[in-house]
Amino acid sequence: MALFGGIQLPGKPDLENVRKLDLLCLPMISRMTRAGVAIDLPYLADLSVEFGREMAELQRDISSYIPPDALDRFVDASTAEDDATGRAIPVEINANSADQIRVLLYDLLRVHLGKNIKPTASGKLSTGKRQLELCREHPVVAKVLAYREWSKLKSAFVDALPKLARFHPRGASCPLCELPHDAPTWRLHGDILTTRAATGRLSMKKPNLQQIPTRSKIGQRVRAAFIAPPGKRFVSCDFSQIELRDLAHLSNCSSMIDVYLNDGDLHDDTCHRALGVPWDEKPDKYKHRMGAKRVNFGIQNGTTEKGLYLQLVMDFHANGLEIPDWLTEEWCKKFIADWLESRPEVQNYFELQWYRARRYGATWDAFGRTRLIPEVKSMHRRVRQEGLRQAQNLPVTSTAAGHLKLVMGELDETFRRLYDGGIYVWPLLPVHDQVIVEVEEEWADTVGVIMSDCFAKVAHDKETGENLWRVPIKSDCEITTRWQKEE
DNA sequence: CAGCACGGCGCG
DNA sequence: ACCGCGCCGTGCTG
């Protein structure tokens with residue numbers, strides 16, 4: 001019994017097995033780092049100008065809400081000198097400053113009145129997104145949130161990425177990346193770190209290409225700056241709901257396993273089981289499915305009713321909808337309780353992790369990767385509960401991370417064979433549950449099939465072909481010219 | 001000027 | 001008071 005590379009499923013701490021797993025993906029990581037990914041600098045330059053204009057306008061709008069008698073609280077030192085000359089001081093709030101936003105929203109405009117705004121660690125009222133979403137009635141709040149989105153995307157990506165790009169000169173074999181390319185290009189080569197995350201995940205820095213925007217409309221425009229060079233395609237393959245499939249397997253939850261065996265939809269299943277939607281009715285996209293999705297993904301992290309509530313408030317706003325009457329913290333509490341009650345094996349499995357954390361001071365995943373959890377012995381309740389959530393989360397996240405390392409190891413071998421046959425596949429990025437490669441257009445479909453197949457068989461015994469998981473593992477594949485959703 | 005903590009937020 | 005990361009700007013300190 002063995003997976004690719006002789007990896008075992010010991011189900012108990014196993015350092016040697018994990019060492020082998022971690023070494024498997026190093027060759028591909030080395031190739032990824034050297035290849036880098038091409039980026040469209042002129043396009044980003046345009047975005048920078050446009051984003052800057054949007055920010056300036058919003059900053060003016062926000063500043064116009066400052067009460068006249070409070071203007072002096074927002075004068076910064078560089079403009080204050082004008083006072084002596086008797087000229088009018090141009091007062092603008094620095095919308096990047098949480099302190100200034102806090103003063104404007106809470107001290108001056110009192111937008112939080114009647115709302116339950118929680119303080120941050122240091123005791124000040126939080127101006128975070130989750131809190132501001134509760135005060136959206138006041139028009140200035142929406143402006144602040146909009147400003148934050150443009151600002152984040154501009155500073156962290158649009159303006160930051162070009163500074164890290166390296167120039168690749170024209171050449172049959174570029175000395176930088178060893179990648180044959182006809183046109184000169186700029187490419188980003190982030191460092192891929194293998195020993196950073198407590199969960200065994202890979203992380204990335206300078207830049208971290210695992211955090212390139214994708215969720216928002218504007219984010220998609222940033223992501224479009226990543227391009228496949230002329231004549232090439234991106235092939236991106238990801239596991240479908242791998243963490244939920246792993247949770248089903250690890251907890252041996254019969255109802256979740258049934259859903260996946262029948263190629264069903266877990267979110268709909270949750271609507272029926274925990275929300276009481278009759279089995280012959282189709283769940284409503286917003287009333288049922290949105291919440292079901294949130295709980296399905298949140299449950300493994302020990303989400304609270306408050307957390308779920310705030311999350312759903314944000315979901316409704318993101319879809320331009322009013323908060324419905326039935327959405328309360330009480331409702332969320334019952335939802336979470338019903339979820340766990342209808343899937344008792346999962347509740348059981350979580351309790352097993354808590355037990356391990358308390359008894360052994362550690363939890364471990366399917367491959368034997370172990371994480372110490374000293375927090376569970378803390379004097380402080382908050383810290384203890386933090387430890388329990390970590391213990392609960394680890395096996396799922398860590399097992400899923402192991403799956404990705406397995407496919408990276410196996411694909412690297414496959415790609416080397418293809419290379420010998422004249423097909424050049426260049427792995428570019430690992431993104432937690434997916435691998436992105438660059439390949440000549442004519443081979444994109446072939447490579448997509450090869451990758452999908454490798455992903456789907458990640459848990460198969462490499463000698464017998466038997467699926468060692470209690471659920472089928474599925475994958476999705478996309479072929480694109482830019483790193484964004486097509487059309 | 002560099003380094004740091006903090007609040008905040010991008011991704012899975 | 002939802003897990004895991006890395007990175008931004010602010011505001012303070014040495």
# chains A, B, ... in the order shown; residues from 1 in each chain; ligands from 1
>>> interface_residues(of="chain B", to="chain A", cutoff="10 Å", atoms="only C-alpha atoms (C1' of nucleotides)", output="number ranges by chain")
B: 6-12
>>> closest_atom_pairs(of="chain C", to="chain A", cutoff="6 Å", atoms="only C-alpha atoms (C1' of nucleotides)", output="tab-separated table")
residue	atom	partner	partner_atom	distance
C:DC2	C1'	A:Thr303	CA	4.6
C:DC3	C1'	A:Asn301	CA	5.0
C:DC8	C1'	A:Ala156	CA	5.8
>>> select_by_dssp(residues="range 62-242 of chain A", states="strand (DSSP E or B)", output="VMD selection string")
chain A and resid 119 125 166 to 168 171 181 185 to 188 191 to 193 203 to 205 226 to 227 232 to 239
>>> write_last_selection(atoms="N, CA and C atoms", output="mmCIF file, in the first residue's frame")
data_model
loop_
_atom_site.group_PDB
_atom_site.id
_atom_site.type_symbol
_atom_site.label_atom_id
_atom_site.label_comp_id
_atom_site.auth_asym_id
_atom_site.auth_seq_id
_atom_site.Cartn_x
_atom_site.Cartn_y
_atom_site.Cartn_z
ATOM 1 N N PRO A 119 -14.676 46.358 20.080
ATOM 2 C CA PRO A 119 -13.344 46.976 20.097
ATOM 3 C C PRO A 119 -12.275 46.009 19.596
ATOM 4 N N LEU A 125 -12.401 51.197 19.034
ATOM 5 C CA LEU A 125 -13.434 50.654 18.147
ATOM 6 C C LEU A 125 -12.798 50.281 16.801
ATOM 7 N N ARG A 166 11.508 40.948 -13.280
ATOM 8 C CA ARG A 166 12.853 40.834 -13.858
ATOM 9 C C ARG A 166 12.735 40.712 -15.370
ATOM 10 N N PHE A 167 13.659 41.356 -16.061
ATOM 11 C CA PHE A 167 13.615 41.370 -17.519
ATOM 12 C C PHE A 167 14.269 40.123 -18.106
ATOM 13 N N HIS A 168 13.578 39.500 -19.019
ATOM 14 C CA HIS A 168 14.115 38.329 -19.713
ATOM 15 C C HIS A 168 14.385 38.707 -21.157
ATOM 16 N N GLY A 171 15.649 35.348 -26.726
ATOM 17 C CA GLY A 171 16.674 34.329 -26.912
ATOM 18 C C GLY A 171 16.080 32.944 -26.987
ATOM 19 N N HIS A 181 12.006 31.400 -25.440
ATOM 20 C CA HIS A 181 10.964 32.372 -25.780
ATOM 21 C C HIS A 181 11.504 33.347 -26.811
ATOM 22 N N THR A 185 10.465 39.484 -22.307
ATOM 23 C CA THR A 185 9.335 39.615 -21.379
ATOM 24 C C THR A 185 9.821 40.040 -20.001
ATOM 25 N N TRP A 186 8.895 40.561 -19.218
ATOM 26 C CA TRP A 186 9.129 40.791 -17.792
ATOM 27 C C TRP A 186 8.420 39.688 -17.021
ATOM 28 N N ARG A 187 9.144 39.112 -16.068
ATOM 29 C CA ARG A 187 8.520 38.017 -15.315
ATOM 30 C C ARG A 187 8.766 38.191 -13.814
ATOM 31 N N LEU A 188 7.839 37.633 -13.037
ATOM 32 C CA LEU A 188 7.929 37.689 -11.575
ATOM 33 C C LEU A 188 8.380 36.345 -11.035
ATOM 34 N N ASP A 191 9.722 33.773 -4.215
ATOM 35 C CA ASP A 191 10.325 32.660 -3.476
ATOM 36 C C ASP A 191 9.216 31.769 -2.931
ATOM 37 N N ILE A 192 9.343 30.480 -3.156
ATOM 38 C CA ILE A 192 8.365 29.529 -2.638
ATOM 39 C C ILE A 192 8.949 28.890 -1.379
ATOM 40 N N LEU A 193 8.262 29.059 -0.265
ATOM 41 C CA LEU A 193 8.781 28.581 1.024
ATOM 42 C C LEU A 193 8.082 27.280 1.422
ATOM 43 N N SER A 203 4.143 28.425 1.179
ATOM 44 C CA SER A 203 3.847 29.847 1.177
ATOM 45 C C SER A 203 4.797 30.507 0.187
ATOM 46 N N MET A 204 4.611 31.798 -0.013
ATOM 47 C CA MET A 204 5.345 32.493 -1.064
ATOM 48 C C MET A 204 5.624 33.913 -0.632
ATOM 49 N N LYS A 205 6.744 34.467 -1.094
ATOM 50 C CA LYS A 205 7.013 35.870 -0.788
ATOM 51 C C LYS A 205 7.798 36.540 -1.911
ATOM 52 N N PHE A 226 -1.517 39.177 -15.519
ATOM 53 C CA PHE A 226 -0.668 38.002 -15.681
ATOM 54 C C PHE A 226 -1.012 37.328 -17.005
ATOM 55 N N ILE A 227 -0.020 37.171 -17.856
ATOM 56 C CA ILE A 227 -0.278 36.741 -19.223
ATOM 57 C C ILE A 227 0.559 35.529 -19.608
ATOM 58 N N LYS A 232 1.351 30.778 -26.274
ATOM 59 C CA LYS A 232 1.270 29.859 -25.128
ATOM 60 C C LYS A 232 -0.059 29.992 -24.412
ATOM 61 N N ARG A 233 -0.322 29.066 -23.512
ATOM 62 C CA ARG A 233 -1.539 29.078 -22.706
ATOM 63 C C ARG A 233 -1.188 28.769 -21.253
ATOM 64 N N PHE A 234 -1.997 29.327 -20.339
ATOM 65 C CA PHE A 234 -1.975 28.839 -18.965
ATOM 66 C C PHE A 234 -2.858 27.599 -18.887
ATOM 67 N N VAL A 235 -2.400 26.579 -18.207
ATOM 68 C CA VAL A 235 -3.281 25.482 -17.827
ATOM 69 C C VAL A 235 -3.298 25.450 -16.311
ATOM 70 N N SER A 236 -4.490 25.620 -15.748
ATOM 71 C CA SER A 236 -4.644 25.661 -14.299
ATOM 72 C C SER A 236 -5.550 24.524 -13.855
ATOM 73 N N CYS A 237 -5.042 23.691 -12.967
ATOM 74 C CA CYS A 237 -5.824 22.543 -12.502
ATOM 75 C C CYS A 237 -5.963 22.623 -10.993
ATOM 76 N N ASP A 238 -7.192 22.484 -10.491
ATOM 77 C CA ASP A 238 -7.381 22.531 -9.042
ATOM 78 C C ASP A 238 -8.267 21.396 -8.562
ATOM 79 N N PHE A 239 -8.041 21.006 -7.299
ATOM 80 C CA PHE A 239 -8.904 20.022 -6.653
ATOM 81 C C PHE A 239 -10.268 20.639 -6.399
#
>>> closest_residue(among="A:Met314, A:Val471, A:Ile373, A:Leu3", to="Asn252 in chain A", atoms="only C-alpha atoms")
A:Val471
>>> select_by_dssp(residues="range 118-296 of chain A", states="helix (DSSP H, G or I)", output="JSON, numbers by chain")
{"A": [129, 130, 131, 132, 133, 134, 135, 139, 140, 141, 142, 143, 144, 145, 146, 147, 148, 149, 150, 151, 152, 153, 154, 155, 156, 157, 158, 161, 162, 163, 164, 209, 210, 211, 217, 218, 219, 220, 221, 222, 223, 242, 243, 244, 245, 246, 247, 248, 249, 250, 251, 254, 255, 256, 257, 258, 259, 260, 261, 266, 267, 268, 269, 270, 271, 272, 273, 274, 275, 285, 286, 287, 288, 289, 290, 291, 292, 293, 294, 295, 296]}
>>> atom_distance(atom1="CA of Val111 in chain A", atom2="CA of Ser64 in chain A")
15.5 Å
>>> closest_residue(among="A:Trp364, A:Leu161, A:Asp46, A:Met451", to="DC7 in chain C", atoms="only C-alpha atoms (C1' of nucleotides)")
A:Leu161
